[in-house]
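Data from run.txt: compact mmCIF, C-alpha atoms and all ligand atoms
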# COMPACT_ATOMS: atom_id res chain seq x y z
CA MET A 14 4.69 42.59 -4.30
CA GLY A 15 1.54 42.56 -6.45
CA LYS A 16 -1.84 40.99 -5.91
CA VAL A 17 -3.17 37.90 -7.66
CA TYR A 18 -6.81 37.43 -8.60
CA ILE A 19 -7.92 33.85 -9.22
CA VAL A 20 -10.88 34.46 -11.51
CA GLY A 21 -13.63 32.30 -13.00
CA ALA A 22 -14.28 33.14 -16.66
CA GLY A 23 -17.61 31.32 -16.91
CA PRO A 24 -18.44 28.59 -19.42
CA GLY A 25 -17.90 30.39 -22.74
CA ASP A 26 -20.56 33.02 -23.45
CA PRO A 27 -18.56 36.22 -22.73
CA GLU A 28 -21.63 37.81 -21.13
CA LEU A 29 -21.54 35.19 -18.39
CA LEU A 30 -18.64 36.94 -16.66
CA THR A 31 -19.21 38.59 -13.30
CA VAL A 32 -19.02 42.39 -12.95
CA LYS A 33 -16.10 41.88 -10.57
CA ALA A 34 -14.23 39.71 -13.08
CA VAL A 35 -14.62 42.41 -15.77
CA ARG A 36 -13.24 45.03 -13.38
CA VAL A 37 -10.05 43.10 -12.61
CA LEU A 38 -9.57 42.05 -16.24
CA LYS A 39 -9.54 45.77 -17.14
CA GLU A 40 -7.02 46.55 -14.39
CA ALA A 41 -4.67 43.59 -14.93
CA ASP A 42 -0.99 44.01 -15.86
CA VAL A 43 -0.77 40.29 -16.69
CA ILE A 44 -3.46 37.70 -17.46
CA LEU A 45 -2.54 34.00 -17.33
CA TYR A 46 -5.40 32.12 -18.99
CA ASP A 47 -6.44 28.50 -19.51
CA ARG A 48 -7.45 26.49 -22.55
CA LEU A 49 -11.19 26.61 -21.84
CA VAL A 50 -11.34 30.40 -21.50
CA ASN A 51 -13.14 32.06 -24.42
CA PRO A 52 -10.45 34.32 -25.96
CA GLU A 53 -13.10 37.01 -26.65
CA ILE A 54 -12.98 37.77 -22.93
CA LEU A 55 -9.38 38.92 -23.29
CA PHE A 56 -10.56 42.01 -25.18
CA TYR A 57 -11.25 43.55 -21.77
CA ALA A 58 -7.47 43.67 -21.14
CA LYS A 59 -5.94 47.16 -21.14
CA PRO A 60 -3.33 48.07 -23.79
CA GLY A 61 0.06 46.71 -22.75
CA CYS A 62 -1.38 43.95 -20.58
CA GLU A 63 0.63 40.75 -21.00
CA LEU A 64 -1.52 37.81 -22.08
CA ILE A 65 0.00 34.44 -21.22
CA TYR A 66 -1.56 31.15 -22.35
CA VAL A 67 -0.94 28.37 -19.84
CA GLY A 68 -3.47 25.83 -21.16
CA LYS A 69 -2.99 22.18 -20.43
CA GLU A 70 -4.57 19.24 -22.18
CA ASP A 71 -6.82 16.83 -20.25
CA GLY A 72 -4.82 14.48 -18.02
CA LYS A 73 -2.65 17.28 -16.71
CA HIS A 74 0.57 16.65 -14.86
CA ILE A 75 1.74 17.85 -11.49
CA LEU A 76 4.92 19.29 -12.95
CA GLU A 77 2.93 21.56 -15.27
CA GLN A 78 0.93 22.88 -12.31
CA ASP A 79 4.22 23.58 -10.51
CA LYS A 80 5.42 25.56 -13.50
CA ILE A 81 2.21 27.58 -13.58
CA ASN A 82 2.50 28.30 -9.85
CA PHE A 83 6.03 29.50 -10.37
CA LEU A 84 4.98 31.74 -13.28
CA ILE A 85 2.21 33.31 -11.18
CA TYR A 86 4.75 33.92 -8.42
CA GLU A 87 7.27 35.51 -10.80
CA PHE A 88 4.69 37.84 -12.32
CA ALA A 89 3.34 38.78 -8.88
CA THR A 90 6.80 39.93 -7.78
CA LYS A 91 7.13 42.22 -10.84
CA ASN A 92 3.58 43.55 -11.37
CA ASP A 93 0.75 45.15 -9.40
CA ILE A 94 -2.18 43.11 -10.66
CA VAL A 95 -1.96 39.55 -11.93
CA VAL A 96 -5.11 37.73 -13.07
CA ARG A 97 -5.20 33.94 -13.16
CA LEU A 98 -8.19 33.31 -15.43
CA LYS A 99 -9.85 29.88 -15.46
CA GLY A 100 -12.80 28.37 -17.30
CA GLY A 101 -16.07 28.13 -15.38
CA ASP A 102 -15.49 28.41 -11.64
CA PRO A 103 -11.91 28.23 -10.37
CA PHE A 104 -12.75 25.80 -7.55
CA VAL A 105 -14.75 23.29 -9.63
CA PHE A 106 -12.09 20.95 -11.04
CA GLY A 107 -10.07 24.07 -11.76
CA ARG A 108 -7.13 23.59 -9.37
CA GLY A 109 -7.79 27.09 -8.03
CA GLY A 110 -7.46 25.77 -4.49
CA GLU A 111 -3.94 24.49 -5.17
CA GLU A 112 -2.90 27.86 -6.55
CA ALA A 113 -4.39 29.66 -3.54
CA ILE A 114 -2.49 27.37 -1.12
CA PHE A 115 0.73 28.01 -3.04
CA LEU A 116 0.22 31.80 -2.97
CA LYS A 117 -0.55 31.77 0.76
CA GLU A 118 2.66 29.79 1.42
CA LYS A 119 4.62 32.36 -0.57
CA GLY A 120 2.96 35.27 1.26
CA ILE A 121 1.42 36.70 -1.91
CA PRO A 122 -1.94 38.43 -1.37
CA TYR A 123 -4.80 37.11 -3.46
CA GLU A 124 -8.55 37.28 -4.01
CA ILE A 125 -10.81 34.65 -5.51
CA ILE A 126 -13.58 35.66 -7.90
CA PRO A 127 -16.10 32.86 -8.46
CA GLY A 128 -17.33 32.08 -11.96
CA ILE A 129 -20.39 30.41 -13.43
CA THR A 130 -19.56 26.72 -13.65
CA SER A 131 -20.18 24.81 -16.87
CA ALA A 132 -21.61 21.96 -14.79
CA ILE A 133 -24.90 23.81 -14.29
CA SER A 134 -24.93 26.55 -16.92
CA VAL A 135 -24.20 24.38 -19.95
CA PRO A 136 -27.19 22.08 -19.25
CA GLU A 137 -29.22 25.26 -18.67
CA TYR A 138 -28.35 26.48 -22.18
CA ALA A 139 -29.59 23.12 -23.47
CA GLY A 140 -32.89 23.52 -21.60
CA VAL A 141 -32.02 20.93 -18.94
CA PRO A 142 -32.49 21.96 -15.28
CA VAL A 143 -30.24 20.05 -12.87
CA THR A 144 -33.11 19.90 -10.34
CA HIS A 145 -36.84 20.01 -11.03
CA ARG A 146 -39.77 19.63 -8.65
CA GLY A 147 -41.09 16.07 -8.83
CA VAL A 148 -38.32 14.93 -11.18
CA ALA A 149 -34.93 15.50 -9.51
CA SER A 150 -34.21 16.62 -5.96
CA SER A 151 -30.46 15.99 -5.99
CA PHE A 152 -27.54 16.49 -8.33
CA VAL A 153 -23.86 15.70 -8.19
CA VAL A 154 -20.87 16.93 -10.20
CA VAL A 155 -18.21 14.27 -10.76
CA THR A 156 -14.95 14.03 -12.64
CA GLY A 157 -14.85 11.45 -15.41
CA HIS A 158 -11.05 11.35 -15.15
CA GLY A 159 -8.79 10.18 -12.35
CA SER A 160 -6.15 12.60 -11.10
CA LYS A 161 -3.44 10.91 -13.17
CA GLY A 162 -5.58 10.48 -16.26
CA GLN A 163 -6.83 7.00 -15.29
CA PHE A 164 -10.42 5.87 -14.69
CA PRO A 165 -11.78 7.61 -11.58
CA ASP A 166 -12.20 5.77 -8.31
CA ILE A 167 -15.89 6.39 -7.56
CA ASP A 168 -18.58 4.83 -5.34
CA TRP A 169 -20.85 3.87 -8.26
CA GLU A 170 -23.59 2.48 -6.00
CA ALA A 171 -23.90 5.81 -4.22
CA LEU A 172 -23.68 7.77 -7.48
CA SER A 173 -26.38 5.75 -9.19
CA LYS A 174 -28.85 6.89 -6.50
CA ILE A 175 -28.42 10.62 -7.18
CA ASP A 176 -31.16 11.93 -9.48
CA THR A 177 -28.96 14.01 -11.80
CA VAL A 178 -25.34 12.98 -12.35
CA ILE A 179 -23.11 15.47 -14.17
CA PHE A 180 -19.68 14.38 -15.42
CA LEU A 181 -16.98 16.88 -16.32
CA MET A 182 -13.99 15.59 -18.30
CA GLY A 183 -16.06 12.48 -18.95
CA VAL A 184 -15.93 12.19 -22.75
CA SER A 185 -13.09 9.71 -23.16
CA ASN A 186 -14.35 7.38 -20.41
CA ARG A 187 -18.05 7.70 -21.32
CA ASP A 188 -18.63 4.03 -22.27
CA LYS A 189 -17.09 2.74 -19.05
CA ILE A 190 -18.91 5.37 -16.95
CA ALA A 191 -22.27 4.29 -18.41
CA GLN A 192 -21.43 0.59 -17.92
CA ASN A 193 -20.56 1.24 -14.27
CA LEU A 194 -23.77 3.17 -13.61
CA ILE A 195 -25.87 0.39 -15.14
CA LYS A 196 -23.98 -2.25 -13.16
CA ALA A 197 -24.64 -0.24 -10.00
CA GLY A 198 -28.38 -0.32 -10.64
CA ARG A 199 -29.24 2.68 -12.80
CA SER A 200 -31.80 1.85 -15.49
CA PRO A 201 -30.25 1.36 -18.96
CA GLU A 202 -33.14 3.43 -20.34
CA THR A 203 -32.17 6.53 -18.31
CA PRO A 204 -31.93 9.50 -20.69
CA VAL A 205 -28.55 11.19 -21.08
CA ILE A 206 -27.31 14.28 -22.85
CA PHE A 207 -23.87 15.35 -24.01
CA ILE A 208 -23.43 19.06 -24.64
CA GLU A 209 -20.30 20.09 -26.52
CA LYS A 210 -18.90 23.64 -26.36
CA GLY A 211 -21.89 24.80 -24.33
CA THR A 212 -23.06 28.44 -24.24
CA THR A 213 -21.14 29.22 -27.47
CA LYS A 214 -22.31 29.44 -31.08
CA GLU A 215 -20.84 25.98 -31.58
CA GLN A 216 -22.93 24.33 -28.89
CA LYS A 217 -23.90 20.83 -29.96
CA GLU A 218 -26.25 18.46 -28.16
CA ILE A 219 -26.48 14.69 -28.35
CA THR A 220 -29.31 12.88 -26.57
CA ALA A 221 -29.31 9.12 -26.02
CA THR A 222 -29.87 6.51 -23.30
CA LEU A 223 -27.37 5.18 -20.81
CA LYS A 224 -27.47 1.88 -22.71
CA ASP A 225 -26.49 3.59 -26.00
CA VAL A 226 -23.48 5.12 -24.29
CA ALA A 227 -22.51 1.83 -22.61
CA GLU A 228 -22.61 0.13 -26.02
CA GLY A 229 -20.26 2.71 -27.52
CA LYS A 230 -22.88 4.19 -29.86
CA VAL A 231 -22.39 7.84 -28.97
CA LYS A 232 -19.86 9.99 -30.82
CA VAL A 233 -18.89 13.13 -28.94
CA TYR A 234 -15.90 15.44 -28.67
CA PRO A 235 -14.54 17.43 -25.72
CA PRO A 236 -15.11 19.78 -24.09
CA ALA A 237 -18.51 18.39 -23.23
CA ILE A 238 -20.83 17.94 -20.28
CA PHE A 239 -22.17 14.40 -19.85
CA LEU A 240 -25.42 14.53 -17.87
CA VAL A 241 -27.46 11.50 -16.78
CA GLY A 242 -31.01 11.74 -15.44
CA GLU A 243 -34.72 12.09 -16.08
CA VAL A 244 -34.39 15.89 -16.23
CA VAL A 245 -33.13 15.39 -19.82
CA ASN A 246 -36.79 14.72 -20.76
CA LEU A 247 -37.67 18.32 -19.83
CA LYS A 248 -35.48 19.64 -22.60
CA ASP A 249 -38.22 19.82 -25.23
CA LYS A 250 -40.39 21.88 -22.91
CA ILE A 251 -37.64 24.27 -21.82
CA SER A 252 -35.11 24.60 -24.66
CA TRP A 253 -34.50 28.20 -25.70
CA PHE A 254 -30.94 28.67 -26.93
CA GLU A 255 -30.40 26.06 -29.55
CA GLU A 256 -32.85 26.96 -32.31
CA ASN A 257 -29.99 27.24 -34.80
CA LEU A 258 -27.60 24.80 -33.21
CA LYS A 259 -26.63 21.26 -34.19
CA LYS A 260 -28.72 18.50 -32.64
CA VAL A 261 -28.13 14.77 -32.81
CA GLU A 262 -30.43 12.05 -31.53
CA ILE A 263 -29.24 8.46 -31.20
N1 LIG B 1 -13.75 24.88 -13.73
C1 LIG B 1 -14.53 24.44 -14.86
C2 LIG B 1 -14.38 22.95 -15.15
C3 LIG B 1 -12.95 22.55 -15.51
S1 LIG B 1 -12.85 20.84 -15.93
C4 LIG B 1 -16.00 24.81 -14.62
O1 LIG B 1 -16.39 25.17 -13.50
O2 LIG B 1 -16.77 24.78 -15.59
C5 LIG B 1 -13.04 20.91 -17.67
C6 LIG B 1 -14.35 20.26 -18.09
O3 LIG B 1 -15.42 21.17 -17.94
C7 LIG B 1 -14.40 19.84 -19.54
O4 LIG B 1 -13.78 18.60 -19.76
C8 LIG B 1 -15.91 19.77 -19.78
O5 LIG B 1 -16.44 18.57 -19.23
C9 LIG B 1 -16.40 20.92 -18.93
N2 LIG B 1 -16.63 22.16 -19.71
C10 LIG B 1 -16.05 23.36 -19.48
N3 LIG B 1 -16.54 24.29 -20.34
C11 LIG B 1 -17.45 23.65 -21.11
C12 LIG B 1 -18.31 24.06 -22.18
N4 LIG B 1 -18.34 25.32 -22.61
N5 LIG B 1 -19.11 23.13 -22.74
C13 LIG B 1 -19.11 21.86 -22.31
N6 LIG B 1 -18.33 21.41 -21.31
C14 LIG B 1 -17.51 22.29 -20.71

Please rewrite the model in this file as structure tokens.
Amino acid sequence: MGKVYIVGAGPGDPELLTVKAVRVLKEADVILYDRLVNPEILFYAKPGCELIYVGKEDGKHILEQDKINFLIYEFATKNDIVVRLKGGDPFVFGRGGEEAIFLKEKGIPYEIIPGITSAISVPEYAGVPVTHRGVASSFVVVTGHGSKGQFPDIDWEALSKIDTVIFLMGVSNRDKIAQNLIKAGRSPETPVIFIEKGTTKEQKEITATLKDVAEGKVKVYPPAIFLVGEVVNLKDKISWFEENLKKVEI
């Protein structure tokens, strides 16, 4: 029986891997990787390592997760070191917890290697701090998608009171999300930013107001972070990465 490592690959920039992640990637006999993992990271794999793509589109289905669990199990019975590589951090909307529960039930030993989540690092690469003294003393990370692909069931009143609200998987529901936040009391003039493909050479930033989003004026493509809050105004003072990147203002 082999060992499984559930590993966070970080948000995209290959240098945002942990030292521990690099070590197990070099040792792995098999790497099962997700859609949002930067393929450049796979160059760490040793010759002969099996690379298996198990990416799922947004609005994933239970059955697919079952299949992935089964694959991990099969590989673990036939290999010494199996790496399950996930974008960002495995426990932030990454279903890493489900895989760990499955492995424990099957009696397969595992370790979890945290990764840098896109929720915080992608805004950072756009010059937006999720907290800032005097501007934001709280932040929250929320899914913009329900578990079966529907609109998420969220306490909008509570959410509208958090200084910085960060949506993952929020692109397709962005208009409705913005409408709900405004209805719950958030000012329509609140600045927002969408950051597509953050921390990569294709990073693209779109700044607007909550009202613009609610009115369907913002064009954006996944994967993107959708961040709402006054901290967006700090961007001009802090930005450092995007000199040559695409910028759009609404
Ligand atoms: N476990 C991951 C999140 C998985 S959910 C993490 O910790 O980062 C997938 C969502 O993450 C995407 O829909 C998008 O909202 C966000 N995301 C992941 N990588 C991203 C990137 N490089 N740029 C922008 N958004 C990203």

Kindly compile the residues surrounding ligand LIG 1 (chain B) within 7 Å, counting all atoms listed in the file, and format them as a tab-separated table (two decimals) with C-alpha atoms, in the frame of the given file.
chain	number	residue	atom	x	y	z
A	23	GLY	CA	-17.61	31.32	-16.91
A	24	PRO	CA	-18.44	28.59	-19.42
A	25	GLY	CA	-17.90	30.39	-22.74
A	49	LEU	CA	-11.19	26.61	-21.84
A	99	LYS	CA	-9.85	29.88	-15.46
A	100	GLY	CA	-12.80	28.37	-17.30
A	101	GLY	CA	-16.07	28.13	-15.38
A	102	ASP	CA	-15.49	28.41	-11.64
A	103	PRO	CA	-11.91	28.23	-10.37
A	104	PHE	CA	-12.75	25.80	-7.55
A	105	VAL	CA	-14.75	23.29	-9.63
A	106	PHE	CA	-12.09	20.95	-11.04
A	107	GLY	CA	-10.07	24.07	-11.76
A	129	ILE	CA	-20.39	30.41	-13.43
A	130	THR	CA	-19.56	26.72	-13.65
A	131	SER	CA	-20.18	24.81	-16.87
A	132	ALA	CA	-21.61	21.96	-14.79
A	135	VAL	CA	-24.20	24.38	-19.95
A	180	PHE	CA	-19.68	14.38	-15.42
A	181	LEU	CA	-16.98	16.88	-16.32
A	182	MET	CA	-13.99	15.59	-18.30
A	183	GLY	CA	-16.06	12.48	-18.95
A	208	ILE	CA	-23.43	19.06	-24.64
A	209	GLU	CA	-20.30	20.09	-26.52
A	210	LYS	CA	-18.90	23.64	-26.36
A	211	GLY	CA	-21.89	24.80	-24.33
A	212	THR	CA	-23.06	28.44	-24.24
A	213	THR	CA	-21.14	29.22	-27.47
A	235	PRO	CA	-14.54	17.43	-25.72
A	236	PRO	CA	-15.11	19.78	-24.09
A	237	ALA	CA	-18.51	18.39	-23.23
A	238	ILE	CA	-20.83	17.94	-20.28

Mind checking which residues fall within 12 Å of range 142-145 of chain A, counting only C-alpha atoms, ignoring those fewer than 5 positions away in the same chain, and posting them as a compact mmCIF listing (two decimals) with C-alpha atoms, in the frame of the given file?
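Wrote out-v1.txt, looks like this:
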# COMPACT_ATOMS: atom_id res chain seq x y z
CA SER A 131 -20.18 24.81 -16.87
CA ALA A 132 -21.61 21.96 -14.79
CA ILE A 133 -24.90 23.81 -14.29
CA SER A 134 -24.93 26.55 -16.92
CA VAL A 135 -24.20 24.38 -19.95
CA PRO A 136 -27.19 22.08 -19.25
CA GLU A 137 -29.22 25.26 -18.67
CA SER A 150 -34.21 16.62 -5.96
CA SER A 151 -30.46 15.99 -5.99
CA PHE A 152 -27.54 16.49 -8.33
CA VAL A 153 -23.86 15.70 -8.19
CA VAL A 154 -20.87 16.93 -10.20
CA ILE A 175 -28.42 10.62 -7.18
CA ASP A 176 -31.16 11.93 -9.48
CA THR A 177 -28.96 14.01 -11.80
CA VAL A 178 -25.34 12.98 -12.35
CA ILE A 179 -23.11 15.47 -14.17
CA ILE A 206 -27.31 14.28 -22.85
CA LEU A 240 -25.42 14.53 -17.87
CA VAL A 241 -27.46 11.50 -16.78
CA GLY A 242 -31.01 11.74 -15.44
CA GLU A 243 -34.72 12.09 -16.08
CA VAL A 244 -34.39 15.89 -16.23
CA VAL A 245 -33.13 15.39 -19.82
CA ASN A 246 -36.79 14.72 -20.76
CA LEU A 247 -37.67 18.32 -19.83
CA LYS A 248 -35.48 19.64 -22.60
CA ASP A 249 -38.22 19.82 -25.23
CA LYS A 250 -40.39 21.88 -22.91
CA ILE A 251 -37.64 24.27 -21.82
CA SER A 252 -35.11 24.60 -24.66

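Shortest separation to Ala149 in chain A among A:Val43, A:Lys174, A:Val226, A:Val35 occurs at residue A:Lys174, atoms counted being only C-alpha atoms.
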
Please measure the separation of CA of Gly68 in chain A and CA of Met14 in chain A, giving the value in Å to one decimal. 25.1 Å

Could you please give me, as JSON, numbers by chain, the residues of protein, DNA or RNA lying at most 10 Å from (-6.9, 27.0, -22.9) in the coordinate frame of the file, considering only C-alpha atoms? {"A": [45, 46, 47, 48, 49, 50, 51, 52, 66, 67, 68, 69, 70, 98, 99, 100]}

Between CA of Leu172 in chain A and CA of Gln78 in chain A, measure the distance and give it in Å to one decimal.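 Result for CA of Leu172 in chain A versus CA of Gln78 in chain A: 29.3 Å, one decimal.
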
Interatomic distance, CA of Glu202 in chain A to CA of Thr156 in chain A (Å, one decimal):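 Pair CA of Glu202 in chain A / CA of Thr156 in chain A returns 22.4 Å.
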
Which one is closest to Phe239 in chain A: A:Asp225, A:Glu111, A:Glu218, A:Glu255? Count all atoms listed in the file.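 The answer is A:Glu218, which sits nearest to Phe239 in chain A.
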
Using all atoms listed in the file, which residue out of A:Lys16, A:Gly61, A:Phe56, A:Val184 lies closest to Lys117 in chain A?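 The answer is A:Lys16, which sits nearest to Lys117 in chain A.
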
Protein and nucleic acid residues near (-7.6, 40.1, -13.5) (cut-off 12 Å, all atoms listed in the file) as a CSV table (one decimal) with C-alpha atoms, in the frame of the given file:
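The resulting selection.csv:
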chain,number,residue,atom,x,y,z
A,15,GLY,CA,1.5,42.6,-6.4
A,16,LYS,CA,-1.8,41.0,-5.9
A,17,VAL,CA,-3.2,37.9,-7.7
A,18,TYR,CA,-6.8,37.4,-8.6
A,19,ILE,CA,-7.9,33.8,-9.2
A,20,VAL,CA,-10.9,34.5,-11.5
A,21,GLY,CA,-13.6,32.3,-13.0
A,22,ALA,CA,-14.3,33.1,-16.7
A,30,LEU,CA,-18.6,36.9,-16.7
A,31,THR,CA,-19.2,38.6,-13.3
A,32,VAL,CA,-19.0,42.4,-13.0
A,33,LYS,CA,-16.1,41.9,-10.6
A,34,ALA,CA,-14.2,39.7,-13.1
A,35,VAL,CA,-14.6,42.4,-15.8
A,36,ARG,CA,-13.2,45.0,-13.4
A,37,VAL,CA,-10.0,43.1,-12.6
A,38,LEU,CA,-9.6,42.0,-16.2
A,39,LYS,CA,-9.5,45.8,-17.1
A,40,GLU,CA,-7.0,46.6,-14.4
A,41,ALA,CA,-4.7,43.6,-14.9
A,42,ASP,CA,-1.0,44.0,-15.9
A,43,VAL,CA,-0.8,40.3,-16.7
A,44,ILE,CA,-3.5,37.7,-17.5
A,45,LEU,CA,-2.5,34.0,-17.3
A,46,TYR,CA,-5.4,32.1,-19.0
A,54,ILE,CA,-13.0,37.8,-22.9
A,55,LEU,CA,-9.4,38.9,-23.3
A,57,TYR,CA,-11.2,43.6,-21.8
A,58,ALA,CA,-7.5,43.7,-21.1
A,59,LYS,CA,-5.9,47.2,-21.1
A,62,CYS,CA,-1.4,44.0,-20.6
A,63,GLU,CA,0.6,40.8,-21.0
A,64,LEU,CA,-1.5,37.8,-22.1
A,89,ALA,CA,3.3,38.8,-8.9
A,92,ASN,CA,3.6,43.6,-11.4
A,93,ASP,CA,0.8,45.2,-9.4
A,94,ILE,CA,-2.2,43.1,-10.7
A,95,VAL,CA,-2.0,39.6,-11.9
A,96,VAL,CA,-5.1,37.7,-13.1
A,97,ARG,CA,-5.2,33.9,-13.2
A,98,LEU,CA,-8.2,33.3,-15.4
A,99,LYS,CA,-9.8,29.9,-15.5
A,123,TYR,CA,-4.8,37.1,-3.5
A,124,GLU,CA,-8.6,37.3,-4.0
A,125,ILE,CA,-10.8,34.6,-5.5
A,126,ILE,CA,-13.6,35.7,-7.9

Using all atoms listed in the file, the residue out of A:Ile190, A:Val233, A:Val205, A:Glu28 with shortest distance to Thr220 in chain A is A:Val205

Could you list, as a PyMOL selection string, every residue within 12 Å of Ala227 in chain A, counting only C-alpha atoms and ignoring same-chain residues fewer than 2 positions away? chain A and resi 186-196+199-203+205+221-225+229-232
